[in-house]
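Asker: Input start-v6.pdb, format and content: PDB, C-alpha atoms and all ligand atoms.
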ATOM      1  CA  MET A 321      34.074  14.220 -17.761  1.00  0.00           C
ATOM      2  CA  ALA A 322      30.396  13.902 -18.611  1.00  0.00           C
ATOM      3  CA  ARG A 323      28.356  11.595 -16.434  1.00  0.00           C
ATOM      4  CA  ILE A 324      27.028   8.563 -18.284  1.00  0.00           C
ATOM      5  CA  VAL A 325      23.290   7.885 -18.213  1.00  0.00           C
ATOM      6  CA  LEU A 326      22.077   4.620 -19.710  1.00  0.00           C
ATOM      7  CA  VAL A 327      18.479   4.610 -20.988  1.00  0.00           C
ATOM      8  CA  ILE A 328      16.851   1.193 -21.375  1.00  0.00           C
ATOM      9  CA  GLU A 329      13.561   1.755 -23.189  1.00  0.00           C
ATOM     10  CA  ASP A 330      12.014  -0.093 -26.123  1.00  0.00           C
ATOM     11  CA  GLU A 331       9.761   2.708 -27.398  1.00  0.00           C
ATOM     12  CA  GLU A 332      11.959   4.432 -29.904  1.00  0.00           C
ATOM     13  CA  ASN A 333      10.334   7.880 -29.715  1.00  0.00           C
ATOM     14  CA  LEU A 334      10.547   8.062 -25.953  1.00  0.00           C
ATOM     15  CA  ARG A 335      14.071   6.654 -25.933  1.00  0.00           C
ATOM     16  CA  GLU A 336      15.292   9.244 -28.398  1.00  0.00           C
ATOM     17  CA  THR A 337      13.481  12.079 -26.628  1.00  0.00           C
ATOM     18  CA  ILE A 338      15.135  11.128 -23.345  1.00  0.00           C
ATOM     19  CA  ARG A 339      18.513  10.792 -25.045  1.00  0.00           C
ATOM     20  CA  HIS A 340      18.130  14.203 -26.643  1.00  0.00           C
ATOM     21  CA  ASN A 341      17.211  15.842 -23.342  1.00  0.00           C
ATOM     22  CA  LEU A 342      20.061  14.158 -21.492  1.00  0.00           C
ATOM     23  CA  GLU A 343      22.567  15.310 -24.088  1.00  0.00           C
ATOM     24  CA  ARG A 344      21.228  18.834 -23.907  1.00  0.00           C
ATOM     25  CA  GLU A 345      21.851  18.729 -20.148  1.00  0.00           C
ATOM     26  CA  GLY A 346      25.456  17.735 -20.805  1.00  0.00           C
ATOM     27  CA  PHE A 347      25.199  14.030 -20.037  1.00  0.00           C
ATOM     28  CA  ASP A 348      26.815  11.265 -22.018  1.00  0.00           C
ATOM     29  CA  ALA A 349      23.635   9.368 -22.973  1.00  0.00           C
ATOM     30  CA  ARG A 350      23.756   5.710 -23.979  1.00  0.00           C
ATOM     31  CA  THR A 351      20.719   3.677 -24.992  1.00  0.00           C
ATOM     32  CA  ALA A 352      19.490   0.111 -25.217  1.00  0.00           C
ATOM     33  CA  ALA A 353      16.206  -1.085 -26.731  1.00  0.00           C
ATOM     34  CA  ASP A 354      15.605  -4.284 -24.765  1.00  0.00           C
ATOM     35  CA  GLY A 355      16.317  -5.712 -21.349  1.00  0.00           C
ATOM     36  CA  GLU A 356      19.070  -8.065 -22.352  1.00  0.00           C
ATOM     37  CA  ALA A 357      21.055  -5.463 -24.271  1.00  0.00           C
ATOM     38  CA  GLY A 358      20.383  -3.015 -21.433  1.00  0.00           C
ATOM     39  CA  LEU A 359      21.767  -5.303 -18.758  1.00  0.00           C
ATOM     40  CA  GLU A 360      24.825  -6.016 -20.881  1.00  0.00           C
ATOM     41  CA  ALA A 361      25.389  -2.304 -21.462  1.00  0.00           C
ATOM     42  CA  ALA A 362      24.900  -1.501 -17.766  1.00  0.00           C
ATOM     43  CA  LEU A 363      27.610  -3.963 -16.816  1.00  0.00           C
ATOM     44  CA  SER A 364      30.080  -2.986 -19.542  1.00  0.00           C
ATOM     45  CA  VAL A 365      29.575   0.790 -19.813  1.00  0.00           C
ATOM     46  CA  ARG A 366      29.306   1.272 -16.026  1.00  0.00           C
ATOM     47  CA  PRO A 367      26.909   4.237 -16.199  1.00  0.00           C
ATOM     48  CA  ASP A 368      26.415   6.735 -13.352  1.00  0.00           C
ATOM     49  CA  VAL A 369      22.623   6.347 -13.540  1.00  0.00           C
ATOM     50  CA  VAL A 370      20.327   3.849 -15.275  1.00  0.00           C
ATOM     51  CA  VAL A 371      16.889   4.914 -16.529  1.00  0.00           C
ATOM     52  CA  LEU A 372      15.000   1.652 -16.797  1.00  0.00           C
ATOM     53  CA  ASP A 373      11.614   1.042 -18.388  1.00  0.00           C
ATOM     54  CA  LEU A 374       9.459  -1.557 -16.669  1.00  0.00           C
ATOM     55  CA  MET A 375       7.885  -3.180 -19.735  1.00  0.00           C
ATOM     56  CA  LEU A 376      10.658  -4.383 -22.006  1.00  0.00           C
ATOM     57  CA  PRO A 377      11.143  -7.197 -24.494  1.00  0.00           C
ATOM     58  CA  GLN A 378      13.615 -10.027 -23.704  1.00  0.00           C
ATOM     59  CA  LEU A 379      14.127  -9.324 -20.005  1.00  0.00           C
ATOM     60  CA  ASP A 380      11.555  -7.043 -18.363  1.00  0.00           C
ATOM     61  CA  GLY A 381      12.569  -4.117 -16.176  1.00  0.00           C
ATOM     62  CA  LEU A 382      12.109  -5.982 -12.898  1.00  0.00           C
ATOM     63  CA  GLU A 383      14.407  -8.782 -14.038  1.00  0.00           C
ATOM     64  CA  VAL A 384      16.981  -6.286 -15.250  1.00  0.00           C
ATOM     65  CA  CYS A 385      16.755  -4.474 -11.928  1.00  0.00           C
ATOM     66  CA  ARG A 386      17.221  -7.635  -9.918  1.00  0.00           C
ATOM     67  CA  ALA A 387      20.134  -8.865 -12.036  1.00  0.00           C
ATOM     68  CA  LEU A 388      21.829  -5.490 -12.015  1.00  0.00           C
ATOM     69  CA  ARG A 389      21.485  -5.072  -8.245  1.00  0.00           C
ATOM     70  CA  ARG A 390      23.381  -8.274  -7.658  1.00  0.00           C
ATOM     71  CA  ARG A 391      26.410  -6.768  -9.311  1.00  0.00           C
ATOM     72  CA  SER A 392      26.173  -3.019  -9.029  1.00  0.00           C
ATOM     73  CA  ASN A 393      25.123  -0.150  -6.777  1.00  0.00           C
ATOM     74  CA  VAL A 394      24.364   2.173  -9.690  1.00  0.00           C
ATOM     75  CA  PRO A 395      21.308   4.376  -9.022  1.00  0.00           C
ATOM     76  CA  ILE A 396      18.292   3.034 -10.951  1.00  0.00           C
ATOM     77  CA  LEU A 397      15.374   5.239 -11.978  1.00  0.00           C
ATOM     78  CA  MET A 398      12.379   3.205 -13.165  1.00  0.00           C
ATOM     79  CA  LEU A 399       9.810   4.292 -15.707  1.00  0.00           C
ATOM     80  CA  THR A 400       6.375   2.869 -15.027  1.00  0.00           C
ATOM     81  CA  ALA A 401       3.017   3.264 -16.706  1.00  0.00           C
ATOM     82  CA  LYS A 402      -0.115   4.239 -14.799  1.00  0.00           C
ATOM     83  CA  GLY A 403      -1.729   1.256 -13.195  1.00  0.00           C
ATOM     84  CA  GLU A 404       1.557  -0.484 -12.529  1.00  0.00           C
ATOM     85  CA  GLU A 405       1.420   0.418  -8.834  1.00  0.00           C
ATOM     86  CA  ILE A 406       2.328  -3.018  -7.596  1.00  0.00           C
ATOM     87  CA  ASP A 407       5.263  -3.320  -9.955  1.00  0.00           C
ATOM     88  CA  LYS A 408       6.459   0.047  -8.756  1.00  0.00           C
ATOM     89  CA  VAL A 409       6.674  -1.202  -5.193  1.00  0.00           C
ATOM     90  CA  VAL A 410       8.244  -4.458  -6.311  1.00  0.00           C
ATOM     91  CA  GLY A 411      10.756  -2.429  -8.312  1.00  0.00           C
ATOM     92  CA  LEU A 412      11.724  -0.464  -5.228  1.00  0.00           C
ATOM     93  CA  GLU A 413      12.056  -3.634  -3.228  1.00  0.00           C
ATOM     94  CA  LEU A 414      14.305  -5.072  -5.915  1.00  0.00           C
ATOM     95  CA  GLY A 415      16.557  -2.081  -5.504  1.00  0.00           C
ATOM     96  CA  ALA A 416      15.356   0.682  -7.807  1.00  0.00           C
ATOM     97  CA  ASP A 417      16.090   4.068  -6.211  1.00  0.00           C
ATOM     98  CA  ASP A 418      13.274   6.082  -7.675  1.00  0.00           C
ATOM     99  CA  TYR A 419      10.584   5.977 -10.304  1.00  0.00           C
ATOM    100  CA  VAL A 420       8.765   8.259 -12.720  1.00  0.00           C
ATOM    101  CA  THR A 421       5.286   7.543 -14.012  1.00  0.00           C
ATOM    102  CA  LYS A 422       4.504   7.722 -17.729  1.00  0.00           C
ATOM    103  CA  PRO A 423       3.706   9.941 -19.555  1.00  0.00           C
ATOM    104  CA  VAL A 424       7.192  11.107 -18.619  1.00  0.00           C
ATOM    105  CA  GLY A 425       7.743  14.833 -18.173  1.00  0.00           C
ATOM    106  CA  MET A 426      11.256  15.610 -19.361  1.00  0.00           C
ATOM    107  CA  ARG A 427      11.901  18.335 -16.784  1.00  0.00           C
ATOM    108  CA  GLU A 428      10.867  16.028 -14.000  1.00  0.00           C
ATOM    109  CA  LEU A 429      12.958  13.196 -15.393  1.00  0.00           C
ATOM    110  CA  MET A 430      16.065  15.381 -15.683  1.00  0.00           C
ATOM    111  CA  ALA A 431      15.560  16.639 -12.122  1.00  0.00           C
ATOM    112  CA  ARG A 432      15.342  13.072 -10.829  1.00  0.00           C
ATOM    113  CA  VAL A 433      18.460  12.037 -12.733  1.00  0.00           C
ATOM    114  CA  ARG A 434      20.375  14.981 -11.285  1.00  0.00           C
ATOM    115  CA  ALA A 435      19.149  14.152  -7.783  1.00  0.00           C
ATOM    116  CA  LEU A 436      20.422  10.590  -8.112  1.00  0.00           C
ATOM    117  CA  LEU A 437      23.788  11.888  -9.223  1.00  0.00           C
ATOM    118  CA  ARG A 438      24.449  13.852  -6.061  1.00  0.00           C
ATOM    119  CA  ARG A 439      27.744  12.331  -5.135  1.00  0.00           C
ATOM    120  CA  PRO A 440      30.595  12.936  -2.696  1.00  0.00           C
ATOM    121  CA  HIS A 441      32.420  15.709  -4.532  1.00  0.00           C
ATOM    122  CA  GLU A 442      29.200  17.646  -4.964  1.00  0.00           C
ATOM    123  CA  ALA A 443      28.254  17.185  -1.348  1.00  0.00           C
ATOM    124  CA  SER A 444      31.594  18.565  -0.184  1.00  0.00           C
ATOM    125  CA  ALA A 445      31.381  21.439  -2.643  1.00  0.00           C
ATOM    126  CA  GLY A 446      28.431  22.699  -0.625  1.00  0.00           C
ATOM    127  CA  ALA A 447      30.740  22.774   2.364  1.00  0.00           C
ATOM    128  CA  LYS A 448      28.119  24.077   4.810  1.00  0.00           C
ATOM    129  CA  SER A 449      26.878  20.559   5.419  1.00  0.00           C
ATOM    130  CA  ALA A 450      30.436  19.213   5.541  1.00  0.00           C
ATOM    131  CA  GLU A 451      30.207  17.645   8.932  1.00  0.00           C
ATOM    132  CA  VAL A 452      30.018  14.270  10.535  1.00  0.00           C
ATOM    133  CA  LEU A 453      26.810  13.358  12.342  1.00  0.00           C
ATOM    134  CA  ARG A 454      27.320  10.894  15.180  1.00  0.00           C
ATOM    135  CA  ALA A 455      24.921   8.712  17.117  1.00  0.00           C
ATOM    136  CA  GLY A 456      26.444   5.970  19.252  1.00  0.00           C
ATOM    137  CA  ASP A 457      28.709   3.898  17.018  1.00  0.00           C
ATOM    138  CA  LEU A 458      27.068   5.318  13.909  1.00  0.00           C
ATOM    139  CA  GLU A 459      28.685   8.046  11.802  1.00  0.00           C
ATOM    140  CA  VAL A 460      27.084   9.837   8.874  1.00  0.00           C
ATOM    141  CA  ASP A 461      29.838  11.698   7.083  1.00  0.00           C
ATOM    142  CA  ARG A 462      28.081  14.231   4.889  1.00  0.00           C
ATOM    143  CA  ALA A 463      31.276  15.522   3.331  1.00  0.00           C
ATOM    144  CA  ALA A 464      32.519  12.123   2.214  1.00  0.00           C
ATOM    145  CA  HIS A 465      28.984  10.729   1.744  1.00  0.00           C
ATOM    146  CA  VAL A 466      29.937   7.732   3.828  1.00  0.00           C
ATOM    147  CA  VAL A 467      28.174   5.902   6.653  1.00  0.00           C
ATOM    148  CA  ARG A 468      30.212   4.007   9.247  1.00  0.00           C
ATOM    149  CA  LYS A 469      29.106   1.637  11.936  1.00  0.00           C
ATOM    150  CA  ALA A 470      31.692   0.964  14.627  1.00  0.00           C
ATOM    151  CA  GLY A 471      34.279   2.495  12.310  1.00  0.00           C
ATOM    152  CA  ALA A 472      33.493   0.203   9.353  1.00  0.00           C
ATOM    153  CA  PRO A 473      32.004   1.749   6.210  1.00  0.00           C
ATOM    154  CA  ILE A 474      28.501   0.607   5.263  1.00  0.00           C
ATOM    155  CA  GLU A 475      27.340   0.696   1.665  1.00  0.00           C
ATOM    156  CA  VAL A 476      24.236   2.813   1.278  1.00  0.00           C
ATOM    157  CA  ARG A 477      22.593   4.105  -1.860  1.00  0.00           C
ATOM    158  CA  PRO A 478      21.912   7.818  -2.379  1.00  0.00           C
ATOM    159  CA  ARG A 479      18.319   7.815  -1.085  1.00  0.00           C
ATOM    160  CA  GLU A 480      19.221   5.727   1.921  1.00  0.00           C
ATOM    161  CA  PHE A 481      22.001   8.159   2.728  1.00  0.00           C
ATOM    162  CA  ASP A 482      19.673  11.155   2.463  1.00  0.00           C
ATOM    163  CA  LEU A 483      17.073   9.477   4.651  1.00  0.00           C
ATOM    164  CA  LEU A 484      19.617   8.523   7.304  1.00  0.00           C
ATOM    165  CA  ALA A 485      21.172  11.991   7.284  1.00  0.00           C
ATOM    166  CA  LEU A 486      17.720  13.543   7.725  1.00  0.00           C
ATOM    167  CA  LEU A 487      16.837  11.306  10.670  1.00  0.00           C
ATOM    168  CA  VAL A 488      20.226  11.447  12.398  1.00  0.00           C
ATOM    169  CA  SER A 489      20.441  15.217  12.122  1.00  0.00           C
ATOM    170  CA  ASN A 490      17.273  15.500  14.215  1.00  0.00           C
ATOM    171  CA  PRO A 491      17.331  12.703  16.780  1.00  0.00           C
ATOM    172  CA  GLY A 492      14.136  12.330  18.746  1.00  0.00           C
ATOM    173  CA  ARG A 493      12.068  14.148  16.187  1.00  0.00           C
ATOM    174  CA  ALA A 494       9.044  12.366  14.726  1.00  0.00           C
ATOM    175  CA  TYR A 495       8.686  12.482  10.971  1.00  0.00           C
ATOM    176  CA  THR A 496       5.582  11.542   9.036  1.00  0.00           C
ATOM    177  CA  ARG A 497       6.048   9.523   5.864  1.00  0.00           C
ATOM    178  CA  GLU A 498       4.777  12.509   3.965  1.00  0.00           C
ATOM    179  CA  GLN A 499       7.422  14.799   5.472  1.00  0.00           C
ATOM    180  CA  ILE A 500      10.131  12.310   4.603  1.00  0.00           C
ATOM    181  CA  LEU A 501       8.831  11.932   1.057  1.00  0.00           C
ATOM    182  CA  SER A 502       8.752  15.642   0.410  1.00  0.00           C
ATOM    183  CA  SER A 503      12.115  16.212   2.053  1.00  0.00           C
ATOM    184  CA  LEU A 504      13.860  13.520   0.031  1.00  0.00           C
ATOM    185  CA  TRP A 505      11.905  13.458  -3.189  1.00  0.00           C
ATOM    186  CA  GLY A 506      10.717  17.053  -3.412  1.00  0.00           C
ATOM    187  CA  HIS A 507       7.428  18.780  -2.720  1.00  0.00           C
ATOM    188  CA  ASN A 508       5.887  17.999  -6.078  1.00  0.00           C
ATOM    189  CA  TYR A 509       6.536  14.331  -5.766  1.00  0.00           C
ATOM    190  CA  VAL A 510       3.366  12.324  -6.150  1.00  0.00           C
ATOM    191  CA  GLY A 511       4.762   9.374  -4.342  1.00  0.00           C
ATOM    192  CA  ASP A 512       3.676   6.326  -2.530  1.00  0.00           C
ATOM    193  CA  GLU A 513       4.323   6.423   1.195  1.00  0.00           C
ATOM    194  CA  ARG A 514       5.337   2.782   1.059  1.00  0.00           C
ATOM    195  CA  THR A 515       8.480   4.025  -0.660  1.00  0.00           C
ATOM    196  CA  VAL A 516       9.533   5.424   2.706  1.00  0.00           C
ATOM    197  CA  ASP A 517       8.826   2.125   4.456  1.00  0.00           C
ATOM    198  CA  VAL A 518      10.934   0.259   1.917  1.00  0.00           C
ATOM    199  CA  HIS A 519      13.888   2.577   2.432  1.00  0.00           C
ATOM    200  CA  VAL A 520      13.557   2.429   6.205  1.00  0.00           C
ATOM    201  CA  ARG A 521      13.594  -1.352   6.013  1.00  0.00           C
ATOM    202  CA  TRP A 522      16.774  -1.337   3.950  1.00  0.00           C
ATOM    203  CA  LEU A 523      18.452   1.062   6.343  1.00  0.00           C
ATOM    204  CA  ARG A 524      17.481  -1.009   9.348  1.00  0.00           C
ATOM    205  CA  GLU A 525      19.100  -4.040   7.781  1.00  0.00           C
ATOM    206  CA  LYS A 526      22.306  -2.048   7.544  1.00  0.00           C
ATOM    207  CA  ILE A 527      22.442  -0.098  10.805  1.00  0.00           C
ATOM    208  CA  GLU A 528      20.383  -1.988  13.392  1.00  0.00           C
ATOM    209  CA  ASP A 529      21.942  -4.687  15.544  1.00  0.00           C
ATOM    210  CA  ASN A 530      18.678  -6.597  15.218  1.00  0.00           C
ATOM    211  CA  PRO A 531      16.640  -5.313  12.243  1.00  0.00           C
ATOM    212  CA  ALA A 532      13.575  -7.224  13.459  1.00  0.00           C
ATOM    213  CA  GLN A 533      13.608  -5.182  16.677  1.00  0.00           C
ATOM    214  CA  PRO A 534      14.862  -1.789  15.594  1.00  0.00           C
ATOM    215  CA  LYS A 535      16.185   0.466  18.333  1.00  0.00           C
ATOM    216  CA  ARG A 536      17.531   3.261  16.176  1.00  0.00           C
ATOM    217  CA  ILE A 537      14.891   3.983  13.563  1.00  0.00           C
ATOM    218  CA  VAL A 538      11.717   3.509  15.540  1.00  0.00           C
ATOM    219  CA  THR A 539       8.244   3.137  14.006  1.00  0.00           C
ATOM    220  CA  LEU A 540       5.652   5.461  15.513  1.00  0.00           C
ATOM    221  CA  ARG A 541       2.326   3.816  14.823  1.00  0.00           C
ATOM    222  CA  GLY A 542      -0.030   6.035  12.927  1.00  0.00           C
ATOM    223  CA  VAL A 543       2.643   8.720  12.625  1.00  0.00           C
ATOM    224  CA  GLY A 544       5.875   7.697  10.929  1.00  0.00           C
ATOM    225  CA  TYR A 545       9.448   7.309  12.109  1.00  0.00           C
ATOM    226  CA  ARG A 546      11.872   8.697  14.657  1.00  0.00           C
ATOM    227  CA  PHE A 547      15.619   8.303  15.115  1.00  0.00           C
ATOM    228  CA  ASP A 548      16.453   7.358  18.675  1.00  0.00           C
ATOM    229  CA  GLY A 549      20.237   7.164  18.401  1.00  0.00           C
TER     230      GLY A 549
HETATM  231 CA    CA A 601       8.230  -0.312 -22.749  1.00  0.00          CA
END
Output the structure of this file as structure tokens.
Answerer:
Amino acid sequence: MARIVLVIEDEENLRETIRHNLEREGFDARTAADGEAGLEAALSVRPDVVVLDLMLPQLDGLEVCRALRRRSNVPILMLTAKGEEIDKVVGLELGADDYVTKPVGMRELMARVRALLRRPHEASAGAKSAEVLRAGDLEVDRAAHVVRKAGAPIEVRPREFDLLALLVSNPGRAYTREQILSSLWGHNYVGDERTVDVHVRWLREKIEDNPAQPKRIVTLRGVGYRFDG
């Protein structure tokens, strides 16, 4: 069954171009032209990925993102215009998983959508990484794409999972933000290193006994992060 990608974008040309490209890649593309209709569609259609423009009539992208996050874990890819740096960070804090800056390159956009769709059955298909990483009471099950703490599953989004798997697979190793960015988002990613900080913060809230005094994902001042177990 084709994966459903919902595109919420008010500019008709861009919306239709994205739809066309998604369909050519074999996705079931759905569209909405404003924030309100987009939120409604996201909750009723239950897409596998949402491509969400930041500037939208009715509800803007940040409001849609916030409202959607309260009710769904669907991966959200934001579209932002140049100069919307602050909104980009706010978007990530509200729970967007990734963003692409306009003018949107279709190849890049399709690659990001595919990356967000990496899900359990695909992970286990590449059975080489089908193993469970363990650190104390923490388990990162790469085959099932599940994280457990003291045996209880923890909900993590795709990027959080990738980040945790990277850190846990190399305990004691220091990573710079740049290394983490290029490992998770690809070498051509022109990203903001604060993206890494945001994801680390989310992970700490989920896996640390006391997120304010993290013992597992440790900050190395002036360097980056290290997983200490
Ligand atoms: Ca717009």
Asker: Quick one: pull the distance between CA of Leu484 (chain A) and CA of Asp373 (chain A), Å, one decimal.
Answerer: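 Going from CA of Leu484 (chain A) over to CA of Asp373 (chain A) covers 27.9 Å.
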Asker: Here is a test: counting only C-alpha atoms, which residue of A:Val394, A:Val452, A:Leu382, A:Val371 is nearest to Arg432 (chain A)?
Answerer: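 Ranking A:Val394, A:Val452, A:Leu382, A:Val371 by distance to Arg432 (chain A), first place goes to A:Val371.
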Asker: Spell out the residues picked by the PyMOL selection byres (((chain A and resi 434-438) around 10) and not hetatm) here, as a VMD selection string.
Answerer: chain A and resid 323 325 345 368 to 370 394 to 397 417 to 418 428 to 433 439 to 443 465 477 to 479 504 to 506
Asker: Using the chain letters and numbers from the file, which residues does the PyMOL selection byres (((not hetatm)) within 9 of (chain A and resi 601)) grab, as an MDAnalysis selection string?
Answerer: chainID A and resid 328:331 353:354 373:377 380:381 399:401
Asker: Evaluate the PyMOL selection byres (((chain A and resi 536) around 9) and not hetatm) here and jot the selected residues down as a list of chain:residue names.
Answerer: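 The output of the PyMOL selection byres (((chain A and resi 536) around 9) and not hetatm) on this file is A:Arg524, A:Ile527, A:Glu528, A:Pro534, A:Lys535, A:Ile537, A:Val538, A:Arg546, A:Phe547, A:Asp548, A:Gly549.
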Asker: Dump as a short mmCIF file (atom, residue, chain, number, x, y, z; two decimals) with C-alpha atoms, in the coordinates of the input all residues having an atom at most 6 Å from (21.4, 9.9, -25.0), computed in the file's coordinates with only C-alpha atoms.
Answerer:
data_model
loop_
_atom_site.label_atom_id
_atom_site.label_comp_id
_atom_site.auth_asym_id
_atom_site.auth_seq_id
_atom_site.Cartn_x
_atom_site.Cartn_y
_atom_site.Cartn_z
CA ARG A 339 18.51 10.79 -25.04
CA HIS A 340 18.13 14.20 -26.64
CA LEU A 342 20.06 14.16 -21.49
CA GLU A 343 22.57 15.31 -24.09
CA ALA A 349 23.64 9.37 -22.97
CA ARG A 350 23.76 5.71 -23.98
#
Asker: So which residues touch Glu383 (chain A) within 12 Å, counting only C-alpha atoms, skipping near sequence neighbours fewer than 3 positions away, as number ranges by chain?
Answerer: A: 354-356, 358-359, 372-380, 386-390, 407, 410-411, 414-416
Asker: Could you check which of A:Gly492, A:Gly471, A:Pro367, A:Gly425 is closest to Phe347 (chain A), using all atoms listed in the file?
Answerer: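 Residue with the minimum atom-to-atom distance to Phe347 (chain A): A:Pro367.
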Asker: Considering all atoms listed in the file, can you say which of A:Glu475, A:Glu525, A:Asp348, A:Asp517 comes closest to Arg366 (chain A)?
Answerer: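 Between A:Glu475, A:Glu525, A:Asp348, A:Asp517, the residue approaching Arg366 (chain A) most closely is A:Asp348.
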Asker: CA of Thr496 (chain A) and CA of Asn393 (chain A), how far apart in Å?
Answerer: 27.7 Å
Asker: Have a look at A:Ile324, A:Ser364, A:Met426, A:Lys469 and name the one nearest to Asn341 (chain A); count all atoms listed in the file.
Answerer: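 The shortest atom-to-atom distance to Asn341 (chain A) comes from A:Met426.
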Asker: As an exercise, work out the distance from CA of Ser502 (chain A) to CA of Ala322 (chain A) in Å and give it to one decimal place.
Answerer: 28.9 Å
Asker: Here is a test: counting all atoms listed in the file, which residue of A:Leu523, A:Val424, A:Pro491, A:Ala532 is nearest to Thr337 (chain A)?
Answerer: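 Nearest candidate to Thr337 (chain A) out of A:Leu523, A:Val424, A:Pro491, A:Ala532: A:Val424.
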Asker: Contacts of Glu413 (chain A) at 9 Å or less, counting all atoms listed in the file, minus same-chain residues fewer than 5 places along, as a list in words?
Answerer: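 Here the answer would be Lys408, Thr515, Val518, His519 and Trp522 of chain A.
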Asker: Counting all atoms listed in the file, figure out which residue out of A:Asp529, A:Glu451, A:Glu498, A:Glu336 gets nearest to Val466 (chain A).
Answerer: A:Glu451
Asker: Hey, could you patch up region 381-386 of chain A with all heavy atoms and hand it over as an mmCIF file, keeping the file's coordinate frame?
Answerer:
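See selection-v4.cif below for the written result:
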data_model
loop_
_atom_site.group_PDB
_atom_site.id
_atom_site.type_symbol
_atom_site.label_atom_id
_atom_site.label_comp_id
_atom_site.auth_asym_id
_atom_site.auth_seq_id
_atom_site.Cartn_x
_atom_site.Cartn_y
_atom_site.Cartn_z
ATOM 1 N N GLY A 381 11.835 -5.035 -17.028
ATOM 2 C CA GLY A 381 12.569 -4.117 -16.176
ATOM 3 C C GLY A 381 12.848 -4.675 -14.781
ATOM 4 O O GLY A 381 13.899 -4.414 -14.201
ATOM 5 N N LEU A 382 11.902 -5.439 -14.242
ATOM 6 C CA LEU A 382 12.109 -5.982 -12.898
ATOM 7 C C LEU A 382 13.261 -6.994 -12.894
ATOM 8 O O LEU A 382 14.070 -7.019 -11.967
ATOM 9 C CB LEU A 382 10.829 -6.650 -12.382
ATOM 10 C CG LEU A 382 9.649 -5.712 -12.104
ATOM 11 C CD1 LEU A 382 8.458 -6.513 -11.590
ATOM 12 C CD2 LEU A 382 10.021 -4.618 -11.107
ATOM 13 N N GLU A 383 13.319 -7.800 -13.958
ATOM 14 C CA GLU A 383 14.407 -8.782 -14.038
ATOM 15 C C GLU A 383 15.761 -8.091 -14.223
ATOM 16 O O GLU A 383 16.766 -8.503 -13.642
ATOM 17 C CB GLU A 383 14.164 -9.746 -15.195
ATOM 18 C CG GLU A 383 12.985 -10.668 -14.973
ATOM 19 C CD GLU A 383 12.673 -11.466 -16.233
ATOM 20 O OE1 GLU A 383 13.252 -12.551 -16.377
ATOM 21 O OE2 GLU A 383 11.882 -10.995 -17.069
ATOM 22 N N VAL A 384 15.743 -7.041 -15.040
ATOM 23 C CA VAL A 384 16.981 -6.286 -15.250
ATOM 24 C C VAL A 384 17.436 -5.679 -13.923
ATOM 25 O O VAL A 384 18.602 -5.746 -13.544
ATOM 26 C CB VAL A 384 16.790 -5.174 -16.301
ATOM 27 C CG1 VAL A 384 18.025 -4.279 -16.382
ATOM 28 C CG2 VAL A 384 16.487 -5.778 -17.669
ATOM 29 N N CYS A 385 16.467 -5.119 -13.209
ATOM 30 C CA CYS A 385 16.755 -4.474 -11.928
ATOM 31 C C CYS A 385 17.364 -5.474 -10.945
ATOM 32 O O CYS A 385 18.392 -5.210 -10.320
ATOM 33 C CB CYS A 385 15.456 -3.893 -11.375
ATOM 34 S SG CYS A 385 15.677 -2.850 -9.953
ATOM 35 N N ARG A 386 16.746 -6.613 -10.854
ATOM 36 C CA ARG A 386 17.221 -7.635 -9.918
ATOM 37 C C ARG A 386 18.631 -8.095 -10.292
ATOM 38 O O ARG A 386 19.525 -8.177 -9.436
ATOM 39 C CB ARG A 386 16.257 -8.830 -9.929
ATOM 40 C CG ARG A 386 16.599 -9.880 -8.885
ATOM 41 C CD ARG A 386 15.761 -11.135 -9.054
ATOM 42 N NE ARG A 386 14.354 -10.943 -8.739
ATOM 43 C CZ ARG A 386 13.343 -11.176 -9.582
ATOM 44 N NH1 ARG A 386 13.585 -11.607 -10.804
ATOM 45 N NH2 ARG A 386 12.097 -10.991 -9.201
#
